[in-house]
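This is query.cif (mmCIF, C-alpha atoms).
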data_coords
loop_
_atom_site.label_atom_id
_atom_site.label_comp_id
_atom_site.auth_asym_id
_atom_site.auth_seq_id
_atom_site.Cartn_x
_atom_site.Cartn_y
_atom_site.Cartn_z
CA MET A 1 45.81 -46.27 -106.12
CA TYR A 2 45.31 -43.78 -108.94
CA ILE A 3 42.07 -41.96 -109.64
CA ILE A 4 41.27 -40.37 -113.01
CA VAL A 5 39.85 -36.90 -112.40
CA LEU A 6 38.25 -34.93 -115.25
CA ASP A 7 38.54 -31.18 -114.88
CA ASP A 8 37.57 -28.32 -117.18
CA HIS A 9 40.38 -28.81 -119.67
CA ASP A 10 41.99 -32.20 -119.41
CA ILE A 11 42.37 -35.35 -117.38
CA LYS A 12 44.42 -35.33 -114.22
CA ILE A 13 45.83 -38.26 -112.30
CA ARG A 14 46.11 -38.15 -108.55
CA GLU A 15 47.31 -40.84 -106.19
CA GLN A 16 44.76 -41.76 -103.57
CA SER A 17 46.04 -42.07 -100.03
CA SER A 18 45.40 -45.11 -97.89
CA ASP A 19 43.12 -43.08 -95.62
CA ASP A 20 40.56 -42.24 -98.26
CA ALA A 21 40.95 -45.35 -100.36
CA LYS A 22 37.88 -47.53 -100.48
CA PRO A 23 38.47 -51.21 -99.84
CA LEU A 24 37.66 -53.43 -102.77
CA THR A 25 36.48 -56.93 -102.01
CA ASN A 26 37.65 -58.21 -105.36
CA PRO A 27 39.45 -55.56 -107.38
CA GLY A 28 40.05 -57.96 -110.26
CA SER A 29 36.37 -58.36 -111.04
CA THR A 30 34.13 -55.89 -112.80
CA SER A 31 31.61 -55.96 -109.93
CA SER A 32 33.45 -53.28 -107.92
CA THR A 33 33.63 -50.99 -110.96
CA SER A 34 29.97 -51.59 -111.81
CA SER A 35 28.83 -50.89 -108.24
CA LEU A 36 30.83 -47.63 -108.19
CA ILE A 37 29.27 -46.57 -111.50
CA ASN A 38 25.74 -47.47 -110.38
CA GLU A 39 26.23 -45.64 -107.10
CA GLY A 40 27.38 -42.53 -108.97
CA ILE A 41 24.51 -42.65 -111.45
CA LEU A 42 21.89 -43.01 -108.71
CA ALA A 43 23.41 -40.13 -106.72
CA GLY A 44 23.53 -38.03 -109.89
CA GLN A 45 19.89 -38.76 -110.68
CA LYS A 46 18.82 -37.71 -107.21
CA ILE A 47 20.63 -34.36 -107.27
CA ALA A 48 19.48 -33.72 -110.86
CA LYS A 49 15.84 -34.15 -109.79
CA ILE A 50 16.32 -31.65 -106.99
CA SER A 51 17.99 -29.30 -109.47
CA VAL A 52 15.05 -29.39 -111.89
CA ILE A 53 12.48 -28.60 -109.19
CA THR A 54 14.61 -25.86 -107.60
CA LEU A 55 15.46 -24.12 -110.87
CA ILE A 56 11.88 -24.09 -112.12
CA SER A 57 10.71 -22.53 -108.84
CA ILE A 58 13.47 -19.89 -108.87
CA GLY A 59 12.90 -19.12 -112.56
CA ILE A 60 9.16 -18.52 -112.14
CA VAL A 61 9.74 -16.14 -109.23
CA GLU A 62 12.47 -14.22 -111.09
CA LEU A 63 10.42 -13.92 -114.28
CA ALA A 64 7.47 -12.58 -112.30
CA THR A 65 9.76 -10.12 -110.52
CA GLY A 66 11.29 -8.99 -113.82
CA TYR A 67 7.85 -8.51 -115.35
CA PHE A 68 6.47 -6.34 -112.53
CA SER A 69 9.69 -4.39 -111.88
CA GLY A 70 10.79 -3.97 -115.50
CA SER A 71 14.29 -5.25 -114.70
CA ALA A 72 16.10 -6.72 -117.70
CA VAL A 73 18.63 -8.56 -115.58
CA ALA A 74 15.90 -10.20 -113.44
CA THR A 75 14.12 -11.34 -116.60
CA ALA A 76 17.43 -12.62 -118.01
CA ASP A 77 18.23 -14.48 -114.81
CA GLY A 78 14.73 -15.97 -114.69
CA THR A 79 15.02 -17.14 -118.28
CA ASP A 80 18.42 -18.58 -117.47
CA SER A 81 17.01 -20.48 -114.48
CA ILE A 82 14.13 -21.98 -116.48
CA SER A 83 16.48 -23.03 -119.25
CA ASP A 84 18.90 -24.48 -116.71
CA ALA A 85 16.02 -26.60 -115.42
CA VAL A 86 15.58 -27.97 -118.94
CA ILE A 87 19.31 -28.72 -119.11
CA SER A 88 19.16 -30.49 -115.74
CA PHE A 89 16.27 -32.55 -117.08
CA ILE A 90 18.40 -33.51 -120.12
CA VAL A 91 21.20 -34.55 -117.76
CA LEU A 92 18.74 -36.56 -115.66
CA LEU A 93 17.43 -38.31 -118.77
CA GLY A 94 20.98 -39.06 -119.93
CA LEU A 95 21.90 -40.57 -116.55
CA ARG A 96 18.80 -42.77 -116.61
CA ILE A 97 19.71 -44.12 -120.05
CA ALA A 98 23.39 -44.53 -119.12
CA HIS A 99 22.29 -46.77 -116.25
CA ARG A 100 20.97 -49.41 -118.68
CA PRO A 101 23.04 -52.58 -119.09
CA ALA A 102 24.58 -53.64 -122.41
CA ASP A 103 22.22 -55.30 -124.88
CA LYS A 104 22.14 -56.61 -128.46
CA ARG A 105 22.23 -53.12 -129.99
CA PHE A 106 24.72 -51.49 -127.63
CA HIS A 107 27.30 -54.16 -126.89
CA PHE A 108 29.48 -51.86 -124.77
CA GLY A 109 26.61 -50.36 -122.79
CA TYR A 110 25.02 -46.90 -122.74
CA HIS A 111 27.75 -44.99 -120.90
CA LYS A 112 28.39 -42.57 -123.78
CA VAL A 113 24.79 -41.36 -123.60
CA GLU A 114 25.91 -39.43 -120.53
CA SER A 115 28.53 -37.60 -122.61
CA PHE A 116 25.94 -36.98 -125.34
CA ALA A 117 23.64 -35.45 -122.70
CA ALA A 118 26.48 -33.14 -121.68
CA LEU A 119 26.90 -32.13 -125.34
CA MET A 120 23.18 -31.36 -125.68
CA ALA A 121 23.26 -29.37 -122.45
CA ALA A 122 26.19 -27.29 -123.74
CA ILE A 123 24.40 -26.56 -127.03
CA GLY A 124 21.30 -25.54 -125.09
CA MET A 125 23.37 -23.16 -122.99
CA ILE A 126 24.71 -21.45 -126.14
CA ILE A 127 21.16 -20.88 -127.44
CA ILE A 128 20.06 -19.51 -124.08
CA GLY A 129 23.08 -17.20 -123.93
CA GLY A 130 22.23 -15.81 -127.37
CA PHE A 131 18.66 -15.07 -126.31
CA ILE A 132 19.75 -13.31 -123.10
CA LEU A 133 22.39 -11.30 -124.99
CA TYR A 134 19.80 -10.07 -127.50
CA HIS A 135 17.29 -9.15 -124.78
CA SER A 136 19.96 -7.33 -122.77
CA TYR A 137 21.09 -5.41 -125.87
CA GLU A 138 17.55 -4.15 -126.38
CA ALA A 139 17.46 -3.00 -122.76
CA LEU A 140 20.81 -1.25 -123.24
CA ILE A 141 19.51 0.72 -126.23
CA GLN A 142 16.28 1.64 -124.45
CA PRO A 143 16.99 1.61 -120.69
CA ARG A 144 14.03 1.63 -118.31
CA GLU A 145 13.76 2.55 -114.65
CA ILE A 146 13.33 -0.36 -112.25
CA LYS A 147 10.02 -0.01 -110.41
CA GLN A 148 10.64 -2.17 -107.34
CA PRO A 149 14.41 -2.33 -106.88
CA ILE A 150 14.41 -3.53 -103.25
CA LEU A 151 12.12 -6.48 -103.97
CA THR A 152 14.13 -7.32 -107.08
CA MET A 153 17.42 -7.31 -105.16
CA ILE A 154 15.97 -9.53 -102.41
CA VAL A 155 14.70 -12.06 -104.95
CA LEU A 156 18.04 -12.10 -106.79
CA ALA A 157 20.03 -12.47 -103.56
CA VAL A 158 17.90 -15.38 -102.29
CA ALA A 159 17.94 -17.07 -105.71
CA GLY A 160 21.72 -16.72 -105.92
CA GLY A 161 22.23 -18.27 -102.47
CA ILE A 162 19.97 -21.25 -103.18
CA SER A 163 21.52 -21.86 -106.62
CA LEU A 164 25.09 -21.73 -105.33
CA TYR A 165 24.37 -24.07 -102.42
CA ARG A 166 22.74 -26.63 -104.73
CA ALA A 167 25.49 -26.21 -107.32
CA PHE A 168 28.29 -27.02 -104.89
CA GLN A 169 26.38 -30.09 -103.71
CA MET A 170 26.09 -31.22 -107.32
CA ARG A 171 29.76 -30.54 -108.05
CA THR A 172 30.80 -32.65 -105.05
CA ILE A 173 28.86 -35.64 -106.39
CA ALA A 174 30.06 -35.05 -109.97
CA ASN A 175 33.73 -34.95 -108.93
CA LYS A 176 33.37 -37.95 -106.63
CA TYR A 177 31.97 -40.20 -109.35
CA ASP A 178 33.50 -38.42 -112.34
CA ILE A 179 30.17 -37.77 -114.16
CA LEU A 180 30.77 -35.37 -117.04
CA SER A 181 27.14 -34.38 -117.68
CA LEU A 182 26.65 -33.67 -113.97
CA LYS A 183 29.84 -31.58 -113.97
CA THR A 184 28.38 -29.59 -116.86
CA ASP A 185 25.15 -29.12 -114.93
CA ALA A 186 27.09 -28.12 -111.79
CA LYS A 187 29.05 -25.48 -113.71
CA ASN A 188 25.80 -24.30 -115.22
CA SER A 189 24.27 -24.03 -111.73
CA ILE A 190 27.29 -22.16 -110.38
CA LYS A 191 26.92 -19.83 -113.33
CA ASP A 192 23.23 -19.42 -112.50
CA GLY A 193 24.01 -18.51 -108.88
CA SER A 194 26.78 -16.13 -109.93
CA ALA A 195 24.42 -14.56 -112.46
CA SER A 196 21.96 -13.79 -109.68
CA VAL A 197 24.75 -12.09 -107.70
CA ILE A 198 25.71 -10.06 -110.79
CA GLY A 199 22.04 -9.17 -111.24
CA PHE A 200 21.84 -8.00 -107.62
CA PHE A 201 24.70 -5.52 -108.06
CA SER A 202 23.39 -4.42 -111.45
CA VAL A 203 20.03 -3.50 -109.95
CA LEU A 204 21.79 -1.86 -107.02
CA ILE A 205 23.88 0.37 -109.30
CA ALA A 206 20.94 1.13 -111.61
CA SER A 207 18.56 2.08 -108.78
CA GLN A 208 20.89 3.80 -106.31
CA LEU A 209 23.38 5.51 -108.65
CA GLY A 210 20.96 6.24 -111.48
CA PHE A 211 23.02 4.39 -114.10
CA LEU A 212 20.10 2.60 -115.79
CA GLN A 213 22.30 0.82 -118.35
CA ALA A 214 23.86 -1.22 -115.52
CA ASP A 215 20.77 -3.44 -115.56
CA ALA A 216 21.32 -4.37 -119.21
CA ILE A 217 25.09 -4.68 -118.79
CA GLY A 218 24.50 -7.22 -116.04
CA GLY A 219 22.42 -9.30 -118.46
CA MET A 220 25.24 -9.17 -121.03
CA ILE A 221 27.76 -10.32 -118.43
CA ILE A 222 25.49 -13.27 -117.65
CA ALA A 223 25.35 -14.14 -121.36
CA GLY A 224 29.14 -14.00 -121.64
CA TYR A 225 29.49 -16.27 -118.61
CA ILE A 226 27.11 -18.75 -120.22
CA PHE A 227 29.17 -18.82 -123.42
CA SER A 228 32.43 -19.50 -121.54
CA VAL A 229 30.97 -22.39 -119.52
CA SER A 230 29.25 -23.93 -122.55
CA TYR A 231 32.47 -23.81 -124.61
CA ILE A 232 34.40 -25.84 -122.05
CA SER A 233 31.63 -28.41 -121.73
CA LEU A 234 31.13 -28.60 -125.49
CA LYS A 235 34.83 -29.25 -126.08
CA ARG A 236 35.12 -31.89 -123.36
CA SER A 237 32.03 -33.89 -124.34
CA SER A 238 32.91 -33.75 -128.05
CA LEU A 239 36.38 -35.18 -127.41
CA ILE A 240 34.93 -38.07 -125.44
CA LEU A 241 32.38 -38.86 -128.15
CA VAL A 242 35.14 -39.13 -130.77
CA ASP A 243 37.24 -41.38 -128.46
CA SER A 244 39.96 -38.80 -127.88
CA TRP A 245 42.28 -39.53 -124.94
CA GLN A 246 43.86 -36.34 -123.61
CA ASP A 247 46.42 -37.41 -121.01
CA PRO A 248 49.40 -39.70 -121.75
CA LYS A 249 50.09 -40.07 -118.02
CA VAL A 250 47.52 -42.84 -117.71
CA THR A 251 49.25 -44.78 -120.49
CA GLU A 252 52.59 -44.49 -118.69
CA ILE A 253 51.02 -45.55 -115.39
CA VAL A 254 49.55 -48.69 -116.96
CA LYS A 255 52.82 -49.56 -118.73
CA LYS A 256 54.94 -48.95 -115.63
CA THR A 257 52.58 -50.92 -113.41
CA ILE A 258 52.64 -54.01 -115.63
CA GLU A 259 56.38 -54.06 -116.31
CA GLU A 260 57.36 -53.46 -112.68
CA LYS A 261 54.79 -55.74 -111.07
CA PHE A 262 55.49 -58.64 -113.44
CA ASN A 263 59.20 -58.09 -114.03
CA TYR A 264 59.88 -61.75 -113.23
CA GLU A 265 57.93 -62.67 -116.38
CA LEU A 266 60.05 -60.35 -118.54
CA ILE A 267 56.93 -58.72 -119.96
CA LYS A 268 57.28 -55.87 -122.43
CA VAL A 269 54.30 -53.61 -123.06
CA ARG A 270 53.99 -52.88 -126.77
CA SER A 271 51.13 -50.40 -126.57
CA VAL A 272 48.32 -49.18 -124.31
CA LEU A 273 45.14 -48.05 -126.10
CA LEU A 274 42.65 -46.14 -123.94
CA ARG A 275 39.11 -45.14 -124.83
CA PRO A 276 36.91 -42.85 -122.72
CA THR A 277 33.23 -43.87 -122.64
CA GLY A 278 31.78 -41.22 -120.37
CA LEU A 279 31.64 -42.66 -116.87
CA VAL A 280 34.29 -45.33 -117.36
CA THR A 281 37.41 -46.11 -119.39
CA GLN A 282 38.15 -49.03 -121.69
CA ALA A 283 41.68 -50.31 -122.22
CA GLU A 284 43.42 -52.56 -124.75
CA VAL A 285 46.95 -53.56 -123.72
CA HIS A 286 49.35 -55.36 -126.08
CA ILE A 287 52.15 -57.23 -124.31
CA GLU A 288 55.09 -59.42 -125.33
CA ILE A 289 55.59 -62.60 -123.30
CA ASP A 290 57.56 -65.82 -123.56
CA GLY A 291 56.26 -67.73 -126.59
CA SER A 292 56.87 -71.09 -124.94
CA LYS A 293 54.13 -70.54 -122.34
CA SER A 294 51.02 -72.67 -122.51
CA LEU A 295 47.56 -71.24 -123.17
CA ASN A 296 46.56 -71.72 -119.52
CA GLU A 297 49.65 -69.87 -118.33
CA VAL A 298 48.95 -66.95 -120.70
CA GLU A 299 45.32 -66.77 -119.57
CA PHE A 300 46.30 -66.80 -115.89
CA LEU A 301 48.88 -64.06 -116.45
CA SER A 302 46.37 -61.93 -118.36
CA ASN A 303 43.90 -62.20 -115.49
CA GLU A 304 46.60 -61.15 -113.01
CA ILE A 305 47.47 -58.10 -115.15
CA GLU A 306 43.80 -57.13 -115.39
CA THR A 307 43.41 -57.43 -111.61
CA GLU A 308 46.42 -55.19 -111.02
CA MET A 309 45.13 -52.57 -113.47
CA ARG A 310 41.72 -52.45 -111.79
CA ALA A 311 43.38 -52.08 -108.39
CA LYS A 312 45.39 -49.08 -109.65
CA ILE A 313 42.64 -47.40 -111.68
CA PRO A 314 39.12 -48.36 -110.47
CA THR A 315 37.41 -46.50 -113.35
CA MET A 316 38.69 -49.13 -115.81
CA ASP A 317 35.60 -51.00 -117.01
CA ARG A 318 36.55 -53.23 -119.93
CA ILE A 319 40.18 -54.38 -120.13
CA SER A 320 41.53 -56.47 -123.03
CA ILE A 321 44.97 -58.03 -122.68
CA VAL A 322 46.41 -59.01 -126.09
CA PRO A 323 49.49 -61.27 -125.74
CA HIS A 324 52.22 -61.52 -128.39
CA SER A 325 55.07 -64.00 -128.51
CA SER A 326 58.46 -62.41 -127.86
CA SER A 327 60.44 -65.33 -129.35
CA MET A 328 59.05 -67.14 -132.36
CA ALA A 329 60.43 -70.66 -132.68
CA LYS A 330 62.13 -71.04 -136.06
CA PRO A 331 62.15 -74.51 -137.69
CA SER A 332 65.61 -75.92 -138.23
CA SER A 333 67.09 -76.50 -141.71
CA LYS A 334 67.29 -80.23 -140.99
CA ARG A 335 63.55 -80.37 -140.50
CA TRP A 336 62.87 -78.67 -143.82
CA SER A 337 65.44 -80.84 -145.63
CA GLY A 338 63.76 -83.94 -144.22
CA ILE A 339 60.41 -82.78 -145.50
CA PHE A 340 61.73 -82.18 -149.02
CA ARG A 341 63.63 -85.52 -148.98
CA ASN A 342 60.45 -87.42 -148.08
CA ARG A 343 58.56 -85.62 -150.82
CA ARG A 344 61.19 -86.58 -153.47
CA ASN A 345 61.08 -90.21 -152.36
CA THR A 346 57.30 -90.23 -152.67
CA LEU A 347 57.44 -88.84 -156.20
CA ARG A 348 59.99 -91.46 -157.28
CA SER A 349 57.88 -94.31 -155.90
CA GLN A 350 54.86 -93.04 -157.81
CA GLN A 351 56.86 -92.97 -161.06
#
Is it possible to give me this structure as structure tokens?
Amino acid sequence: MYIIVLDDHDIKIREQSSDDAKPLTNPGSTSSTSSLINEGILAGQKIAKISVITLISIGIVELATGYFSGSAVATADGTDSISDAVISFIVLLGLRIAHRPADKRFHFGYHKVESFAALMAAIGMIIIGGFILYHSYEALIQPREIKQPILTMIVLAVAGGISLYRAFQMRTIANKYDILSLKTDAKNSIKDGSASVIGFFSVLIASQLGFLQADAIGGMIIAGYIFSVSYISLKRSSLILVDSWQDPKVTEIVKKTIEEKFNYELIKVRSVLLRPTGLVTQAEVHIEIDGSKSLNEVEFLSNEIETEMRAKIPTMDRISIVPHSSSMAKPSSKRWSGIFRNRRNTLRSQQ
């Protein structure tokens, strides 16, 4: 079995071993795919809710600490945490909408809303990064002494530990169910935890070594980290929204699977068209088969091909098999001559 795994840059294909493969009661039907999608969306919603509550709590504490201590990096990290809570809320909203079934307006379902939520989250991260960069630059020009460095470092250390623990939980769920918006939120949360660690060392250097600019430099590093994460997420979600497929390996897997599995039918795969829709993939496969087959035989063969594709790649949601005749029957010259002969005889009788 092959699983499509979305990483930071492109799509990877890995073969799933028999030990970790999940048994499918009916791999040919869409019920197994739908249940996997629904399970992933529900798990994503749950972790996103926890993320919103956790980030708001951490952000309030860090902002209060930054206000009383005068630490620029604590204020930047607190602002980052609050904004990350907003992004997690956007992801949660996107997952709720993506869970809706297809209707009269959205015939193919709402799965792409999840990718749109990831795009909005990435744009929000860029805005937040710009704000933190500007605030840190002001602190770099006019550095201030941190009033309560020990308390500030404790708050940043605890916030970093909580954020990283929650982020890795979220990443596990996002990778398991291949949820792009949740992956974006997980990267954002890892960034938030790493930012707290950077803030801890910035305050440590500024307070213990007397290098006050380290506090502002830490805020700038956080801003740069935000920009790098948002760029990757922005690129990935944009490509999905414009139906860009990034890995030809899946096409080759589908073609090889059909031609080898049904070699007794002498099937030739003309083309495999793949379309990412966020949580799932849609496929349109054009095949050449024996033109003498009946309609029932073609329909039965198409269903078998669809079943085999779902067994290989469970993330396939909508599969369209388009058959083409490989040998078109040509009418004989005798048949055409008979037609013209009958037509001439008819004309003569009318005259």
**Study point:** Result set, the PyMOL selection byres ((chain A and resi 92-98) around 10) on current file, as a ChimeraX atom specification
**Key:** /A:37-38,40-49,51-52,86-91,99-102,109-118,120,179,181-182,185,278-279
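The gap separating CA of Ser233 in chain A from CA of Ala122 in chain A is 5.9 Å, in Å to one decimal.
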Check your understanding: Mind telling me what the PyMOL selection byres ((chain A and resi 324) around 6) catches here, as a list in words?
Key -> Ile287, Glu288, Pro323 and Ser325 of chain A
Review point. Applied to the shown file, which residues does the PyMOL selection byres ((chain A and resi 129-136) around 6) return, written as a list of chain:residue names?
Key: A:Ala76, A:Ile126, A:Ile127, A:Ile128, A:Tyr137, A:Glu138, A:Ala139, A:Ala216, A:Gly219, A:Met220, A:Ala223, A:Ile226
Serialized selection, C-alpha atoms, as a short mmCIF file (atom, residue, chain, number, x, y, z; two decimals), in the coordinates of the input:
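The result, written out as result18.cif:
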data_model
loop_
_atom_site.label_atom_id
_atom_site.label_comp_id
_atom_site.auth_asym_id
_atom_site.auth_seq_id
_atom_site.Cartn_x
_atom_site.Cartn_y
_atom_site.Cartn_z
CA ALA A 76 17.43 -12.62 -118.01
CA ILE A 126 24.71 -21.45 -126.14
CA ILE A 127 21.16 -20.88 -127.44
CA ILE A 128 20.06 -19.51 -124.08
CA TYR A 137 21.09 -5.41 -125.87
CA GLU A 138 17.55 -4.15 -126.38
CA ALA A 139 17.46 -3.00 -122.76
CA ALA A 216 21.32 -4.37 -119.21
CA GLY A 219 22.42 -9.30 -118.46
CA MET A 220 25.24 -9.17 -121.03
CA ALA A 223 25.35 -14.14 -121.36
CA ILE A 226 27.11 -18.75 -120.22
#
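Of note, CA of Arg236 in chain A and CA of Leu119 in chain A are spaced 8.5 Å apart.
Atom to atom, CA of Pro276 in chain A and CA of Ala174 in chain A stand 16.4 Å apart.
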**Study point:** Within 9 Å of Lys147 in chain A using all atoms listed in the file, minus same-chain residues under 4 positions, as a ChimeraX atom specification
**Key:** /A:68-71,207
Review point. Could you name the residues that touch Ile154 in chain A at 12 Å or less, counting all atoms listed in the file, but leaving out those on the same chain fewer than 4 positions away, as a VMD selection string?
Key: chain A and resid 61 to 62 65 74 148 to 150 158 to 161 196 to 197 199 to 201 203 to 204
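Proximity ranking of A:Ala85, A:Asp103, A:Val155, A:Ile205 relative to Gly124 in chain A places A:Ala85 first, based on only C-alpha atoms.
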To test the calculation: enclose all listed atoms of range 68-86 of chain A in a box whose edges run along x, y and z, add 5 Å on each side, then state centre and edge lengths in Å to one decimal, as lines of an AutoDock Vina configuration file.
center_x = 12.7
center_y = -16.0
center_z = -115.6
size_x = 22.4
size_y = 34.0
size_z = 17.4
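The list of residues with at least one atom within 10 Å of Ser244 in chain A, based on only C-alpha atoms and without residues fewer than 4 positions apart in the same chain, reads Arg236, Ser237, Ser238, Leu239, Ile240, Leu274, Arg275, Pro276 and Thr277 of chain A.
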Neighbouring residues of Glu259 in chain A were defined as those with any atom within 8 Å, considering all atoms listed in the file; residues of the same chain fewer than 6 positions away were excluded. Please report them as a PDB file with C-alpha atoms, keeping the file's coordinate frame.
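Writing the result to out.pdb gives the following:
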ATOM      1  CA  LEU A 266      60.050 -60.350-118.540  1.00  0.00           C
ATOM      2  CA  ILE A 267      56.930 -58.720-119.960  1.00  0.00           C
ATOM      3  CA  LYS A 268      57.280 -55.870-122.430  1.00  0.00           C
ATOM      4  CA  VAL A 269      54.300 -53.610-123.060  1.00  0.00           C
TER       5      VAL A 269
END
Practice item. Excluding Ser271 in chain A and any residue of its chain fewer than 4 positions from it, enumerate the residues within 9 Å of it, using all atoms listed in the file, and give them as an NGL selection string. Key: :A and (251 or 255 or 284-287)
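Using all atoms listed in the file, the set of residues no farther than 10 Å from the position (27.8, -30.3, -105.8) comprises Gly44, Ile47, Leu164, Tyr165, Arg166, Ala167, Phe168, Gln169, Met170, Arg171, Thr172, Ile173, Ala174, Asn175, Lys176, Leu182, Lys183, Asp185, Ala186, Lys187, Ser189 and Ile190 of chain A.
Using all atoms listed in the file, the smallest distance between any of A:Lys249, A:Lys261, A:Lys235, A:Arg270 and Thr184 in chain A comes from A:Lys235.
Using all atoms listed in the file for every distance, the candidate list A:Arg144, A:Arg310, A:Arg318, A:Lys104 yields A:Arg318 as the residue closest to Thr281 in chain A.
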Since fewer atoms than expected are present, regenerate N, CA and C atoms for range 151-168 of chain A and write them as an mmCIF file, keeping the file's coordinate frame.
data_model
loop_
_atom_site.group_PDB
_atom_site.id
_atom_site.type_symbol
_atom_site.label_atom_id
_atom_site.label_comp_id
_atom_site.auth_asym_id
_atom_site.auth_seq_id
_atom_site.Cartn_x
_atom_site.Cartn_y
_atom_site.Cartn_z
ATOM 1 N N LEU A 151 12.673 -5.131 -103.805
ATOM 2 C CA LEU A 151 12.120 -6.480 -103.970
ATOM 3 C C LEU A 151 12.932 -7.284 -104.978
ATOM 4 N N THR A 152 13.341 -6.637 -106.049
ATOM 5 C CA THR A 152 14.130 -7.320 -107.080
ATOM 6 C C THR A 152 15.465 -7.786 -106.523
ATOM 7 N N MET A 153 16.121 -6.932 -105.731
ATOM 8 C CA MET A 153 17.420 -7.310 -105.160
ATOM 9 C C MET A 153 17.278 -8.459 -104.164
ATOM 10 N N ILE A 154 16.192 -8.441 -103.379
ATOM 11 C CA ILE A 154 15.970 -9.530 -102.410
ATOM 12 C C ILE A 154 15.777 -10.855 -103.133
ATOM 13 N N VAL A 155 14.962 -10.833 -104.179
ATOM 14 C CA VAL A 155 14.700 -12.060 -104.950
ATOM 15 C C VAL A 155 15.992 -12.583 -105.579
ATOM 16 N N LEU A 156 16.786 -11.684 -106.153
ATOM 17 C CA LEU A 156 18.040 -12.100 -106.790
ATOM 18 C C LEU A 156 19.042 -12.638 -105.768
ATOM 19 N N ALA A 157 19.086 -12.020 -104.594
ATOM 20 C CA ALA A 157 20.030 -12.470 -103.560
ATOM 21 C C ALA A 157 19.649 -13.866 -103.046
ATOM 22 N N VAL A 158 18.354 -14.075 -102.774
ATOM 23 C CA VAL A 158 17.900 -15.380 -102.290
ATOM 24 C C VAL A 158 18.107 -16.447 -103.365
ATOM 25 N N ALA A 159 17.777 -16.119 -104.616
ATOM 26 C CA ALA A 159 17.940 -17.070 -105.710
ATOM 27 C C ALA A 159 19.407 -17.441 -105.900
ATOM 28 N N GLY A 160 20.290 -16.450 -105.781
ATOM 29 C CA GLY A 160 21.720 -16.720 -105.920
ATOM 30 C C GLY A 160 22.235 -17.645 -104.822
ATOM 31 N N GLY A 161 21.795 -17.414 -103.580
ATOM 32 C CA GLY A 161 22.230 -18.270 -102.470
ATOM 33 C C GLY A 161 21.778 -19.705 -102.621
ATOM 34 N N ILE A 162 20.499 -19.895 -103.006
ATOM 35 C CA ILE A 162 19.970 -21.250 -103.180
ATOM 36 C C ILE A 162 20.685 -21.962 -104.340
ATOM 37 N N SER A 163 20.882 -21.254 -105.444
ATOM 38 C CA SER A 163 21.520 -21.860 -106.620
ATOM 39 C C SER A 163 22.961 -22.267 -106.333
ATOM 40 N N LEU A 164 23.695 -21.417 -105.637
ATOM 41 C CA LEU A 164 25.090 -21.730 -105.330
ATOM 42 C C LEU A 164 25.205 -22.917 -104.369
ATOM 43 N N TYR A 165 24.339 -22.956 -103.373
ATOM 44 C CA TYR A 165 24.370 -24.070 -102.420
ATOM 45 C C TYR A 165 24.093 -25.390 -103.135
ATOM 46 N N ARG A 166 23.072 -25.415 -103.989
ATOM 47 C CA ARG A 166 22.740 -26.630 -104.730
ATOM 48 C C ARG A 166 23.829 -26.986 -105.734
ATOM 49 N N ALA A 167 24.454 -25.972 -106.326
ATOM 50 C CA ALA A 167 25.490 -26.210 -107.320
ATOM 51 C C ALA A 167 26.721 -26.871 -106.714
ATOM 52 N N PHE A 168 27.118 -26.423 -105.537
ATOM 53 C CA PHE A 168 28.290 -27.020 -104.890
ATOM 54 C C PHE A 168 28.006 -28.444 -104.421
#
